[in-house]
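Here's entry_19.cif, which has mmCIF, C-alpha atoms:
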data_data
loop_
_atom_site.label_atom_id
_atom_site.label_comp_id
_atom_site.auth_asym_id
_atom_site.auth_seq_id
_atom_site.Cartn_x
_atom_site.Cartn_y
_atom_site.Cartn_z
CA MET A 241 -15.11 8.33 47.77
CA ILE A 242 -13.67 11.71 46.79
CA ARG A 243 -13.07 12.14 43.07
CA ALA A 244 -9.89 14.06 42.30
CA ARG A 245 -10.74 16.94 39.99
CA THR A 246 -7.52 18.92 40.44
CA PRO A 247 -5.37 19.62 37.35
CA SER A 248 -2.59 17.40 38.77
CA ALA A 249 -4.91 14.38 38.59
CA ALA A 250 -6.19 15.25 35.11
CA VAL A 251 -2.93 14.36 33.39
CA PRO A 252 -2.79 10.73 34.55
CA ARG A 253 -6.48 10.40 33.75
CA ALA A 254 -5.92 11.63 30.20
CA ARG A 255 -2.98 9.26 29.93
CA LYS A 256 -5.13 6.41 31.19
CA GLY A 257 -7.69 7.29 28.53
CA GLU A 258 -5.00 7.07 25.84
CA GLU A 259 -3.80 3.74 27.19
CA THR A 260 -7.32 2.32 27.17
CA ARG A 261 -7.84 3.58 23.64
CA ALA A 262 -4.58 1.93 22.57
CA GLN A 263 -5.65 -1.30 24.29
CA ILE A 264 -8.98 -1.26 22.44
CA LEU A 265 -7.27 -0.57 19.11
CA GLU A 266 -4.82 -3.42 19.69
CA ALA A 267 -7.70 -5.82 20.37
CA ALA A 268 -9.64 -4.53 17.37
CA VAL A 269 -6.66 -4.85 14.98
CA GLN A 270 -6.22 -8.47 16.12
CA GLN A 271 -9.94 -9.05 15.61
CA ALA A 272 -9.78 -7.56 12.09
CA SER A 273 -6.70 -9.64 11.32
CA GLU A 274 -8.40 -12.84 12.41
CA ALA A 275 -11.96 -12.39 11.19
CA GLY A 276 -12.37 -9.11 9.26
CA PHE A 277 -13.82 -5.72 10.07
CA GLU A 278 -17.43 -6.87 9.99
CA SER A 279 -16.61 -9.02 13.04
CA ILE A 280 -15.49 -6.01 15.13
CA THR A 281 -18.41 -5.63 17.49
CA ILE A 282 -18.62 -4.04 20.92
CA GLY A 283 -19.38 -7.51 22.29
CA ALA A 284 -16.29 -9.07 20.68
CA LEU A 285 -14.05 -6.26 21.94
CA ALA A 286 -15.52 -6.41 25.46
CA GLN A 287 -14.62 -10.10 25.52
CA ARG A 288 -11.06 -9.49 24.24
CA THR A 289 -10.26 -6.51 26.48
CA GLY A 290 -12.26 -7.28 29.61
CA LEU A 291 -13.65 -3.72 29.43
CA SER A 292 -17.35 -3.01 29.90
CA LYS A 293 -19.49 -2.35 26.83
CA SER A 294 -20.31 1.16 28.09
CA GLY A 295 -16.59 1.84 28.59
CA LEU A 296 -15.95 0.78 24.99
CA PHE A 297 -18.73 3.00 23.66
CA ALA A 298 -17.18 5.99 25.43
CA HIS A 299 -13.92 5.67 23.47
CA PHE A 300 -15.24 5.50 19.92
CA GLY A 301 -18.21 7.42 18.60
CA SER A 302 -19.65 5.14 15.94
CA ARG A 303 -18.78 1.69 14.66
CA SER A 304 -17.61 3.35 11.45
CA ASP A 305 -15.25 5.67 13.43
CA LEU A 306 -13.85 2.62 15.20
CA GLN A 307 -13.37 0.72 11.92
CA VAL A 308 -11.48 3.64 10.34
CA ALA A 309 -9.32 4.01 13.48
CA VAL A 310 -8.48 0.29 13.30
CA LEU A 311 -7.55 0.60 9.64
CA ASP A 312 -5.34 3.64 10.42
CA GLU A 313 -3.61 1.63 13.14
CA ALA A 314 -3.07 -1.33 10.75
CA ALA A 315 -1.62 1.04 8.11
CA ARG A 316 0.69 2.61 10.69
CA ARG A 317 1.98 -0.83 11.63
CA PHE A 318 2.44 -1.75 7.96
CA ALA A 319 4.59 1.34 7.35
CA GLU A 320 6.55 0.72 10.54
CA THR A 321 7.15 -2.96 9.68
CA VAL A 322 7.71 -2.78 5.93
CA PHE A 323 8.68 0.63 4.54
CA LEU A 324 10.55 2.38 7.34
CA PRO A 325 13.20 -0.32 7.96
CA ALA A 326 13.62 -0.97 4.20
CA MET A 327 14.54 2.70 3.66
CA LYS A 328 17.91 1.91 5.25
CA ALA A 329 18.81 -0.35 2.29
CA PRO A 330 20.55 1.35 -0.66
CA ARG A 331 18.14 2.70 -3.28
CA GLY A 332 17.48 0.46 -6.27
CA LEU A 333 17.09 -3.31 -6.24
CA PRO A 334 18.47 -3.79 -2.68
CA ARG A 335 15.75 -1.50 -1.29
CA LEU A 336 13.03 -3.09 -3.43
CA ARG A 337 14.17 -6.53 -2.20
CA ALA A 338 14.12 -5.29 1.40
CA ILE A 339 10.56 -4.00 0.95
CA VAL A 340 9.37 -7.25 -0.63
CA GLY A 341 11.09 -9.43 1.99
CA ARG A 342 9.24 -7.52 4.72
CA PHE A 343 5.98 -7.20 2.79
CA ILE A 344 5.64 -11.00 2.41
CA GLY A 345 4.28 -12.07 5.79
CA TRP A 346 4.44 -8.63 7.42
CA THR A 347 1.54 -9.45 9.73
CA GLU A 348 3.57 -12.08 11.60
CA SER A 349 6.42 -9.58 12.08
CA ALA A 350 3.87 -7.03 13.32
CA GLY A 351 2.53 -9.47 15.92
CA LEU A 352 -0.83 -10.04 14.27
CA ASN A 353 -2.30 -13.51 14.62
CA GLY A 354 -4.34 -13.57 11.43
CA GLY A 355 -4.18 -12.19 7.90
CA CYS A 356 -3.59 -8.65 6.65
CA PRO A 357 -6.31 -6.30 7.96
CA ILE A 358 -5.82 -3.87 5.05
CA LEU A 359 -6.39 -6.67 2.56
CA ALA A 360 -9.43 -7.85 4.54
CA ALA A 361 -10.82 -4.30 4.53
CA GLY A 362 -10.30 -4.08 0.78
CA ILE A 363 -12.30 -7.24 0.14
CA GLU A 364 -15.05 -6.29 2.61
CA PHE A 365 -15.60 -2.69 1.60
CA ASP A 366 -14.83 -2.59 -2.12
CA ASP A 367 -18.54 -2.55 -2.92
CA ILE A 368 -19.74 -0.47 0.03
CA ALA A 369 -19.46 3.29 -0.53
CA GLY A 370 -18.52 5.18 2.62
CA PRO A 371 -15.61 6.24 4.83
CA MET A 372 -14.09 2.74 5.04
CA ARG A 373 -14.00 2.28 1.28
CA GLU A 374 -12.42 5.72 0.91
CA ALA A 375 -9.87 5.07 3.63
CA VAL A 376 -8.77 1.66 2.41
CA ALA A 377 -8.62 2.74 -1.24
CA GLY A 378 -6.53 5.74 -0.10
CA TYR A 379 -4.06 3.49 1.72
CA GLN A 380 -3.83 1.11 -1.23
CA ARG A 381 -3.14 3.97 -3.65
CA GLN A 382 -0.52 5.41 -1.30
CA ARG A 383 1.19 2.02 -0.99
CA GLY A 384 1.04 1.65 -4.79
CA ARG A 385 2.77 5.02 -5.22
CA GLU A 386 5.47 4.14 -2.67
CA LEU A 387 6.14 0.79 -4.33
CA ALA A 388 6.19 2.42 -7.78
CA ARG A 389 8.76 4.94 -6.50
CA ALA A 390 10.97 2.08 -5.27
CA VAL A 391 10.65 0.39 -8.67
CA GLN A 392 11.49 3.63 -10.48
CA LEU A 393 14.66 3.99 -8.38
CA ALA A 394 15.75 0.51 -9.54
CA VAL A 395 15.14 1.64 -13.13
CA ASP A 396 17.20 4.77 -12.44
CA THR A 397 20.11 2.69 -11.13
CA GLY A 398 19.94 0.57 -14.30
CA GLU A 399 19.05 -2.60 -12.37
CA LEU A 400 15.67 -2.80 -14.09
CA ALA A 401 15.12 -2.21 -17.83
CA ALA A 402 14.62 1.40 -18.92
CA ASP A 403 11.19 0.62 -20.41
CA THR A 404 9.85 -0.91 -17.18
CA ASP A 405 6.32 0.34 -16.44
CA PRO A 406 6.40 0.82 -12.63
CA ARG A 407 2.61 0.48 -12.34
CA GLN A 408 2.62 -2.84 -14.20
CA PHE A 409 5.51 -4.03 -12.01
CA VAL A 410 3.61 -3.03 -8.87
CA PHE A 411 0.48 -4.78 -10.15
CA GLU A 412 2.45 -8.00 -10.50
CA LEU A 413 4.16 -7.48 -7.14
CA ASP A 414 0.78 -6.97 -5.45
CA GLY A 415 -0.29 -10.24 -7.00
CA ILE A 416 2.65 -12.05 -5.40
CA ALA A 417 1.85 -10.59 -1.98
CA LEU A 418 -1.82 -11.51 -2.37
CA ALA A 419 -0.99 -15.04 -3.56
CA TYR A 420 1.26 -15.44 -0.52
CA TYR A 421 -1.58 -14.65 1.90
CA HIS A 422 -3.93 -16.83 0.00
CA ALA A 423 -1.59 -19.83 -0.08
CA ALA A 424 -0.18 -19.45 3.43
CA ARG A 425 -3.34 -18.69 5.34
CA LEU A 426 -6.08 -20.50 3.48
CA VAL A 427 -4.59 -23.41 1.58
CA GLY A 428 -1.93 -23.95 4.29
CA ASP A 429 0.95 -24.17 1.79
CA ASP A 430 4.09 -24.24 3.96
CA GLN A 431 6.14 -23.30 0.90
CA ALA A 432 4.19 -20.06 0.40
CA ARG A 433 7.00 -17.70 1.46
CA ASN A 434 9.56 -19.51 -0.70
CA ARG A 435 7.16 -19.47 -3.65
CA ALA A 436 6.55 -15.74 -3.18
CA LEU A 437 10.25 -14.91 -3.05
CA ALA A 438 10.93 -17.14 -6.08
CA ALA A 439 8.10 -15.37 -7.94
CA PHE A 440 9.63 -11.99 -7.08
CA GLU A 441 13.07 -13.03 -8.38
CA ARG A 442 11.41 -14.29 -11.56
CA LEU A 443 9.65 -10.93 -11.88
CA VAL A 444 12.92 -9.03 -11.42
CA ALA A 445 14.63 -11.27 -13.99
CA SER A 446 11.86 -10.65 -16.51
CA TYR A 447 12.31 -6.87 -16.08
CA SER A 448 16.10 -6.99 -16.18
CA PRO A 449 17.81 -4.79 -18.74
CA PRO A 450 18.89 -6.59 -21.91
CA LEU A 451 22.52 -7.69 -21.81
CA SER A 452 24.86 -5.17 -23.38
CA PRO A 453 26.37 -6.48 -26.67
CA SER A 454 29.77 -6.99 -24.98
CA ALA A 455 28.22 -8.83 -22.01
CA ALA A 456 26.16 -10.98 -24.39
CA ALA A 457 29.29 -11.84 -26.39
CA ARG A 458 31.07 -12.98 -23.19
CA ARG A 459 28.29 -15.50 -22.45
CA MET B 14 -59.65 -23.51 1.59
CA ILE B 15 -58.97 -27.12 0.73
CA ARG B 16 -55.31 -28.03 0.63
CA ALA B 17 -54.47 -30.41 -2.17
CA ARG B 18 -52.57 -33.38 -0.77
CA THR B 19 -52.84 -35.63 -3.78
CA PRO B 20 -49.66 -36.85 -5.47
CA SER B 21 -50.45 -34.82 -8.59
CA ALA B 22 -50.31 -31.57 -6.55
CA ALA B 23 -47.17 -32.60 -4.61
CA VAL B 24 -44.95 -32.32 -7.66
CA PRO B 25 -45.63 -28.61 -8.38
CA ARG B 26 -45.27 -27.88 -4.67
CA ALA B 27 -41.84 -29.57 -4.53
CA ARG B 28 -40.89 -27.68 -7.67
CA LYS B 29 -42.00 -24.42 -6.09
CA GLY B 30 -39.81 -25.24 -3.07
CA GLU B 31 -36.83 -25.76 -5.37
CA GLU B 32 -37.54 -22.50 -7.17
CA THR B 33 -37.72 -20.59 -3.88
CA ARG B 34 -34.49 -22.21 -2.71
CA ALA B 35 -32.81 -21.20 -5.99
CA GLN B 36 -34.15 -17.66 -5.60
CA ILE B 37 -32.73 -17.43 -2.06
CA LEU B 38 -29.37 -18.80 -3.20
CA GLU B 39 -29.22 -16.29 -6.07
CA ALA B 40 -29.87 -13.42 -3.64
CA ALA B 41 -27.33 -14.78 -1.15
CA VAL B 42 -24.59 -15.24 -3.79
CA GLN B 43 -25.13 -11.61 -4.86
CA GLN B 44 -24.98 -10.54 -1.21
CA ALA B 45 -21.71 -12.49 -0.69
CA SER B 46 -20.29 -11.02 -3.90
CA GLU B 47 -21.09 -7.48 -2.79
CA ALA B 48 -20.35 -7.55 0.94
CA GLY B 49 -19.00 -10.94 2.02
CA PHE B 50 -20.48 -13.95 3.78
CA GLU B 51 -20.64 -12.29 7.20
CA SER B 52 -23.21 -9.92 5.70
CA ILE B 53 -25.58 -12.75 4.70
CA THR B 54 -28.32 -12.41 7.30
CA ILE B 55 -31.94 -13.49 7.24
CA GLY B 56 -32.87 -9.78 7.34
CA ALA B 57 -30.71 -8.91 4.33
CA LEU B 58 -32.09 -11.85 2.33
CA ALA B 59 -35.69 -11.03 3.28
CA GLN B 60 -35.13 -7.54 1.89
CA ARG B 61 -33.53 -8.83 -1.33
CA THR B 62 -36.07 -11.58 -2.05
CA GLY B 63 -39.26 -10.12 -0.61
CA LEU B 64 -39.78 -13.44 1.24
CA SER B 65 -40.77 -13.53 4.89
CA LYS B 66 -38.09 -14.27 7.48
CA SER B 67 -39.94 -17.41 8.58
CA GLY B 68 -40.10 -18.54 4.95
CA LEU B 69 -36.35 -18.07 4.68
CA PHE B 70 -35.70 -20.03 7.89
CA ALA B 71 -37.68 -22.95 6.49
CA HIS B 72 -35.32 -23.37 3.54
CA PHE B 73 -31.96 -23.47 5.31
CA GLY B 74 -31.29 -25.08 8.66
CA SER B 75 -28.52 -22.97 10.14
CA ARG B 76 -26.65 -19.89 8.99
CA SER B 77 -23.61 -22.11 8.50
CA ASP B 78 -25.61 -24.48 6.23
CA LEU B 79 -26.74 -21.47 4.21
CA GLN B 80 -23.19 -20.10 3.92
CA VAL B 81 -21.86 -23.44 2.67
CA ALA B 82 -24.75 -23.73 0.19
CA VAL B 83 -23.93 -20.23 -1.12
CA LEU B 84 -20.26 -21.14 -1.49
CA ASP B 85 -21.23 -24.35 -3.37
CA GLU B 86 -23.40 -22.28 -5.70
CA ALA B 87 -20.55 -19.78 -6.30
CA ALA B 88 -18.13 -22.64 -7.04
CA ARG B 89 -20.65 -24.20 -9.44
CA ARG B 90 -20.90 -20.89 -11.31
CA PHE B 91 -17.11 -20.53 -11.37
CA ALA B 92 -16.72 -23.97 -13.00
CA GLU B 93 -19.55 -23.23 -15.45
CA THR B 94 -18.10 -19.83 -16.41
CA VAL B 95 -14.37 -20.58 -16.42
CA PHE B 96 -13.40 -24.26 -16.74
CA LEU B 97 -16.19 -25.86 -18.72
CA PRO B 98 -16.09 -23.52 -21.77
CA ALA B 99 -12.26 -23.46 -21.75
CA MET B 100 -12.19 -27.26 -22.10
CA LYS B 101 -13.24 -26.79 -25.73
CA ALA B 102 -9.88 -25.11 -26.50
CA PRO B 103 -7.03 -27.42 -27.59
CA ARG B 104 -4.91 -28.72 -24.70
CA GLY B 105 -1.74 -26.80 -23.94
CA LEU B 106 -1.26 -23.05 -24.07
CA PRO B 107 -4.53 -22.32 -25.96
CA ARG B 108 -6.55 -23.98 -23.19
CA LEU B 109 -4.52 -22.31 -20.44
CA ARG B 110 -5.08 -18.94 -22.15
CA ALA B 111 -8.80 -19.66 -22.45
CA ILE B 112 -8.97 -20.47 -18.72
CA VAL B 113 -7.07 -17.30 -17.75
CA GLY B 114 -9.10 -15.08 -20.08
CA ARG B 115 -12.28 -16.33 -18.41
CA PHE B 116 -10.82 -16.41 -14.88
CA ILE B 117 -9.93 -12.67 -15.00
CA GLY B 118 -13.23 -10.98 -14.25
CA TRP B 119 -15.33 -14.16 -14.17
CA THR B 120 -17.81 -12.62 -11.75
CA GLU B 121 -19.03 -10.11 -14.34
CA SER B 122 -19.54 -12.92 -16.88
CA ALA B 123 -21.42 -14.88 -14.21
CA GLY B 124 -23.79 -11.96 -13.57
CA LEU B 125 -22.46 -11.12 -10.10
CA ASN B 126 -22.47 -7.45 -9.17
CA GLY B 127 -19.55 -7.49 -6.73
CA GLY B 128 -16.26 -9.33 -6.21
CA CYS B 129 -15.49 -13.05 -6.18
CA PRO B 130 -17.45 -14.77 -3.38
CA ILE B 131 -14.90 -17.61 -3.17
CA LEU B 132 -12.09 -15.10 -2.63
CA ALA B 133 -14.20 -13.23 -0.07
CA ALA B 134 -14.90 -16.49 1.77
CA GLY B 135 -11.18 -17.28 1.81
CA ILE B 136 -10.32 -13.96 3.44
CA GLU B 137 -13.18 -14.17 5.92
CA PHE B 138 -12.80 -17.76 7.06
CA ASP B 139 -9.08 -18.45 6.82
CA ASP B 140 -8.72 -18.05 10.59
CA ILE B 141 -12.08 -19.53 11.63
CA ALA B 142 -12.05 -23.32 11.91
CA GLY B 143 -15.32 -24.91 10.82
CA PRO B 144 -17.31 -26.10 7.82
CA MET B 145 -16.83 -22.86 5.84
CA ARG B 146 -13.05 -22.91 6.20
CA GLU B 147 -13.02 -26.58 5.15
CA ALA B 148 -15.30 -25.97 2.18
CA VAL B 149 -13.48 -22.93 0.81
CA ALA B 150 -10.03 -24.49 1.30
CA GLY B 151 -11.34 -27.58 -0.49
CA TYR B 152 -12.53 -25.54 -3.47
CA GLN B 153 -9.25 -23.60 -3.61
CA ARG B 154 -7.21 -26.82 -3.58
CA GLN B 155 -9.43 -28.32 -6.28
CA ARG B 156 -9.03 -25.22 -8.46
CA GLY B 157 -5.27 -25.33 -7.86
CA ARG B 158 -5.16 -28.96 -9.04
CA GLU B 159 -7.23 -28.16 -12.15
CA LEU B 160 -5.01 -25.19 -13.04
CA ALA B 161 -1.86 -27.25 -12.40
CA ARG B 162 -3.20 -29.93 -14.76
CA ALA B 163 -3.73 -27.30 -17.48
CA VAL B 164 -0.15 -26.03 -16.93
CA GLN B 165 1.24 -29.59 -17.09
CA LEU B 166 -0.52 -30.14 -20.44
CA ALA B 167 1.27 -27.03 -21.81
CA VAL B 168 4.55 -28.53 -20.56
CA ASP B 169 3.65 -31.81 -22.28
CA THR B 170 3.00 -30.03 -25.59
CA GLY B 171 6.42 -28.34 -25.27
CA GLU B 172 4.89 -24.86 -25.08
CA LEU B 173 6.22 -24.37 -21.54
CA ALA B 174 9.74 -25.35 -20.43
CA ALA B 175 10.22 -28.96 -19.32
CA ASP B 176 11.42 -27.88 -15.85
CA THR B 177 8.30 -25.76 -15.16
CA ASP B 178 6.98 -26.36 -11.65
CA PRO B 179 3.19 -26.34 -12.18
CA ARG B 180 2.52 -25.42 -8.53
CA GLN B 181 4.83 -22.39 -8.72
CA PHE B 182 3.20 -21.39 -12.01
CA VAL B 183 -0.27 -21.67 -10.45
CA PHE B 184 0.89 -19.65 -7.42
CA GLU B 185 1.95 -16.83 -9.74
CA LEU B 186 -1.22 -17.16 -11.81
CA ASP B 187 -3.35 -16.94 -8.65
CA GLY B 188 -1.47 -13.76 -7.81
CA ILE B 189 -2.43 -12.21 -11.15
CA ALA B 190 -6.10 -13.08 -10.64
CA LEU B 191 -6.01 -11.68 -7.11
CA ALA B 192 -4.22 -8.51 -8.22
CA TYR B 193 -6.88 -8.05 -10.87
CA TYR B 194 -9.68 -8.11 -8.33
CA HIS B 195 -7.77 -5.83 -6.05
CA ALA B 196 -6.98 -3.26 -8.74
CA ALA B 197 -10.33 -3.39 -10.54
CA ARG B 198 -12.67 -3.42 -7.59
CA LEU B 199 -10.89 -1.48 -4.90
CA VAL B 200 -8.43 0.90 -6.49
CA GLY B 201 -10.70 1.40 -9.53
CA ASP B 202 -7.89 0.85 -12.05
CA ASP B 203 -9.64 0.74 -15.43
CA GLN B 204 -6.53 -0.90 -16.91
CA ALA B 205 -6.76 -3.84 -14.51
CA ARG B 206 -7.81 -6.43 -17.09
CA ASN B 207 -5.14 -5.34 -19.56
CA ARG B 208 -2.53 -5.40 -16.78
CA ALA B 209 -3.62 -8.89 -15.77
CA LEU B 210 -3.46 -10.24 -19.32
CA ALA B 211 -0.04 -8.56 -19.86
CA ALA B 212 1.19 -10.12 -16.60
CA PHE B 213 0.01 -13.54 -17.79
CA GLU B 214 1.83 -13.21 -21.12
CA ARG B 215 4.98 -12.16 -19.21
CA LEU B 216 4.55 -15.22 -17.00
CA VAL B 217 4.20 -17.50 -20.02
CA ALA B 218 7.27 -15.92 -21.65
CA SER B 219 9.34 -16.43 -18.51
CA TYR B 220 8.40 -20.15 -18.50
CA SER B 221 8.94 -20.61 -22.24
CA PRO B 222 11.34 -23.34 -23.27
CA PRO B 223 14.83 -22.13 -24.15
CA LEU B 224 15.30 -21.57 -27.88
CA SER B 225 16.73 -24.59 -29.65
CA PRO B 226 20.32 -23.97 -30.88
CA SER B 227 19.09 -23.69 -34.51
CA ALA B 228 16.33 -21.24 -33.57
CA ALA B 229 18.81 -19.17 -31.54
CA ALA B 230 21.21 -19.06 -34.49
CA ARG B 231 18.45 -17.75 -36.76
CA ARG B 232 17.82 -14.77 -34.41
#
Since I need it in another form, could you write the structure as structure tokens?
Amino acid sequence: MIRARTPSAAVPRARKGEETRAQILEAAVQQASEAGFESITIGALAQRTGLSKSGLFAHFGSRSDLQVAVLDEAARRFAETVFLPAMKAPRGLPRLRAIVGRFIGWTESAGLNGGCPILAAGIEFDDIAGPMREAVAGYQRQRGRELARAVQLAVDTGELAADTDPRQFVFELDGIALAYYHAARLVGDDQARNRALAAFERLVASYSPPLSPSAAARR
Amino acid sequence: MIRARTPSAAVPRARKGEETRAQILEAAVQQASEAGFESITIGALAQRTGLSKSGLFAHFGSRSDLQVAVLDEAARRFAETVFLPAMKAPRGLPRLRAIVGRFIGWTESAGLNGGCPILAAGIEFDDIAGPMREAVAGYQRQRGRELARAVQLAVDTGELAADTDPRQFVFELDGIALAYYHAARLVGDDQARNRALAAFERLVASYSPPLSPSAAARR
């Protein structure tokens, strides 16, 4: 068999390489979603993709490189599923509501079969110094800043009280998202989404600006 | 060397077996706290305890048996650290506050070096049917019932509003505890405990009974 080594054949081959890499990442993100990053092994991915173990090795240098690439892919999907579409909503409470509505249960919208891979990575690597801990902490801080900015915009529009501490608000919002995953995925509470949205509305109400004297008098 | 097989020597030997088992469990709970249940391997435990691998095998049948035993031990410590001492506080809000104050950061009080093993088990096994999923979901449901009972007592004393839904309250409380772990352990927020306690007081305030007409008039 003659192997094509001409430049014209190199392009499709490079494209095929990218496709295979994307296929591996897809399988690995699903694996992380279902059973965590520690469960991403060459054997597990070979089974999911039907690729040979040597073929898998060729695409990712070390296991750590692969884990970070999977986390990057999960973060890209999170941004694509949660933040980007919510940016179309008007700034202030409507945008914050759009973010939260997409944040709660984003993995289902993103086609993942299990829990949130970023959350799983946080739990797995919080005590293990190294590139994964750095990467996941970086994504969490970035998400915290983006959420805090959305909260601040709702303060600026006057929909949240002027003395709202955006970081405290985001802390409590993170709690709601975490409680949702916990209740929905582990305890099997079929009311988890409703509980999470009710908790968010309660949070918004507790940070609402005090009624103006005239509005209070009309009550 | 003559092996003592008399009843008088059997007692210390059984006791030694119990001590070794306790030593293995202690090492395994630390391992789960630091890096999750998937990381509990015979090799890792041999390194932590200094015991031989064959000695370790003798104490626990399967890896799954060991994982469940470690979870049971973590749950026992949780009850001992959080619920049992809080029961001394008067029923109602004081007891609920005592539970929450001990719940936030209980692993440090229990001498664990990493995160909450029960939380880690929940994230790891929520998509993996089997004895670990059953065990951790069982513990989470039990804790939910115990927290809901403490909330209901604070409704009964009139410290929380009569229409408080204890399950919704517990959902939001779980979120605060989860956000604490997330912020403290992963993002390295040194204000995490203060944020968690502030979030709890905000939660209590939002579930407070409406002011009686006379109390409102005095404002």
With only C-alpha atoms considered, list every residue of chain A at most 8 Å from chain B, as a ChimeraX atom specification.
/A:274-276,278-279,354-355,360,362-368,373,377,380-381,408,411-412,414-420,422-423,425-427,435,439,442,446
Considering only C-alpha atoms, state which residue in the set A:Ala286, A:Ala338, A:Met327, A:Leu352 is at the smallest distance from Val269 in chain A.
A:Leu352
Extract, using only C-alpha atoms, all DNA, RNA and protein residues at most 10 Å from Ala390 in chain A, discarding same-chain residues fewer than 6 positions from it, and format them as a PyMOL selection string.
chain A and resi 327+331-337+339+384+396+406+410
When you look at Leu69 in chain B with a cut-off of 8 Å (counting only C-alpha atoms), what residues show up, excluding the ones that are within fewer than 5 positions of it in the same chain? I need them as a PyMOL selection string.
chain B and resi 37+55+58-59+64
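Taking CA of Pro222 in chain B and CA of Leu173 in chain B as endpoints, the distance between them is 5.5 Å.
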Spatial neighbours of Ala350 in chain A, 9 Å, all atoms listed in the file, chain gap at least 6 places, as number ranges by chain
A: 317-318, 320-321
Output of the PyMOL selection byres ((chain B and resi 36) around 12), listed as a PyMOL selection string
chain B and resi 29-35+37-43+58-59+61-64+69+72+83+86
Please indicate the distance in Å from CA of Ala309 in chain A to CA of Ala284 in chain A, rounded to one decimal place.
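Taking CA of Ala309 in chain A as the start and CA of Ala284 in chain A as the end point, the length is 16.5 Å.
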Which residues match the PyMOL selection byres ((chain B and resi 175) around 12) in the file above, as a list in words?
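That selection, the PyMOL selection byres ((chain B and resi 175) around 12), comes back as Val164, Gln165, Leu166, Ala167, Val168, Asp169, Thr170, Gly171, Glu172, Leu173, Ala174, Asp176, Thr177, Asp178, Pro179, Tyr220, Ser221, Pro222 and Pro223 of chain B.
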C-alpha atoms of the current selection, written as an mmCIF file, keeping the file's coordinate frame:
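Wrote it out as result-v3.cif, contents follow:
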data_model
loop_
_atom_site.group_PDB
_atom_site.id
_atom_site.type_symbol
_atom_site.label_atom_id
_atom_site.label_comp_id
_atom_site.auth_asym_id
_atom_site.auth_seq_id
_atom_site.Cartn_x
_atom_site.Cartn_y
_atom_site.Cartn_z
ATOM 1 C CA VAL B 164 -0.150 -26.030 -16.930
ATOM 2 C CA GLN B 165 1.240 -29.590 -17.090
ATOM 3 C CA LEU B 166 -0.520 -30.140 -20.440
ATOM 4 C CA ALA B 167 1.270 -27.030 -21.810
ATOM 5 C CA VAL B 168 4.550 -28.530 -20.560
ATOM 6 C CA ASP B 169 3.650 -31.810 -22.280
ATOM 7 C CA THR B 170 3.000 -30.030 -25.590
ATOM 8 C CA GLY B 171 6.420 -28.340 -25.270
ATOM 9 C CA GLU B 172 4.890 -24.860 -25.080
ATOM 10 C CA LEU B 173 6.220 -24.370 -21.540
ATOM 11 C CA ALA B 174 9.740 -25.350 -20.430
ATOM 12 C CA ASP B 176 11.420 -27.880 -15.850
ATOM 13 C CA THR B 177 8.300 -25.760 -15.160
ATOM 14 C CA ASP B 178 6.980 -26.360 -11.650
ATOM 15 C CA PRO B 179 3.190 -26.340 -12.180
ATOM 16 C CA TYR B 220 8.400 -20.150 -18.500
ATOM 17 C CA SER B 221 8.940 -20.610 -22.240
ATOM 18 C CA PRO B 222 11.340 -23.340 -23.270
ATOM 19 C CA PRO B 223 14.830 -22.130 -24.150
#
Could you check how far CA of Ile53 in chain B sits from CA of Arg76 in chain B, in Å to one decimal?
8.4 Å
For range 253-264 of chain A, what centre and edge lengths in Å (one decimal) does the axis-aligned box get once 6 Å is added on each side of all its listed atoms, as lines of an AutoDock Vina configuration file?
center_x = -6.0
center_y = 5.2
center_z = 28.1
size_x = 18.0
size_y = 24.9
size_z = 23.3
Place N, CA and C atoms on range 35-42 of chain B and deliver the coordinates as a PDB file, in the coordinates of the input.
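Everything below was put into part31.pdb:
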ATOM      1  N   ALA B  35     -33.718 -21.766  -4.984  1.00  0.00           N
ATOM      2  CA  ALA B  35     -32.810 -21.200  -5.990  1.00  0.00           C
ATOM      3  C   ALA B  35     -32.824 -19.676  -5.929  1.00  0.00           C
ATOM      4  N   GLN B  36     -34.011 -19.121  -5.690  1.00  0.00           N
ATOM      5  CA  GLN B  36     -34.150 -17.660  -5.600  1.00  0.00           C
ATOM      6  C   GLN B  36     -33.381 -17.123  -4.381  1.00  0.00           C
ATOM      7  N   ILE B  37     -33.462 -17.840  -3.269  1.00  0.00           N
ATOM      8  CA  ILE B  37     -32.730 -17.430  -2.060  1.00  0.00           C
ATOM      9  C   ILE B  37     -31.217 -17.521  -2.312  1.00  0.00           C
ATOM     10  N   LEU B  38     -30.801 -18.628  -2.937  1.00  0.00           N
ATOM     11  CA  LEU B  38     -29.370 -18.800  -3.200  1.00  0.00           C
ATOM     12  C   LEU B  38     -28.838 -17.698  -4.111  1.00  0.00           C
ATOM     13  N   GLU B  39     -29.617 -17.359  -5.144  1.00  0.00           N
ATOM     14  CA  GLU B  39     -29.220 -16.290  -6.070  1.00  0.00           C
ATOM     15  C   GLU B  39     -29.013 -14.982  -5.296  1.00  0.00           C
ATOM     16  N   ALA B  40     -29.976 -14.657  -4.431  1.00  0.00           N
ATOM     17  CA  ALA B  40     -29.870 -13.420  -3.640  1.00  0.00           C
ATOM     18  C   ALA B  40     -28.657 -13.484  -2.709  1.00  0.00           C
ATOM     19  N   ALA B  41     -28.422 -14.654  -2.124  1.00  0.00           N
ATOM     20  CA  ALA B  41     -27.330 -14.780  -1.150  1.00  0.00           C
ATOM     21  C   ALA B  41     -25.968 -14.740  -1.838  1.00  0.00           C
ATOM     22  N   VAL B  42     -25.865 -15.301  -3.055  1.00  0.00           N
ATOM     23  CA  VAL B  42     -24.590 -15.240  -3.790  1.00  0.00           C
ATOM     24  C   VAL B  42     -24.295 -13.777  -4.152  1.00  0.00           C
TER      25      VAL B  42
END
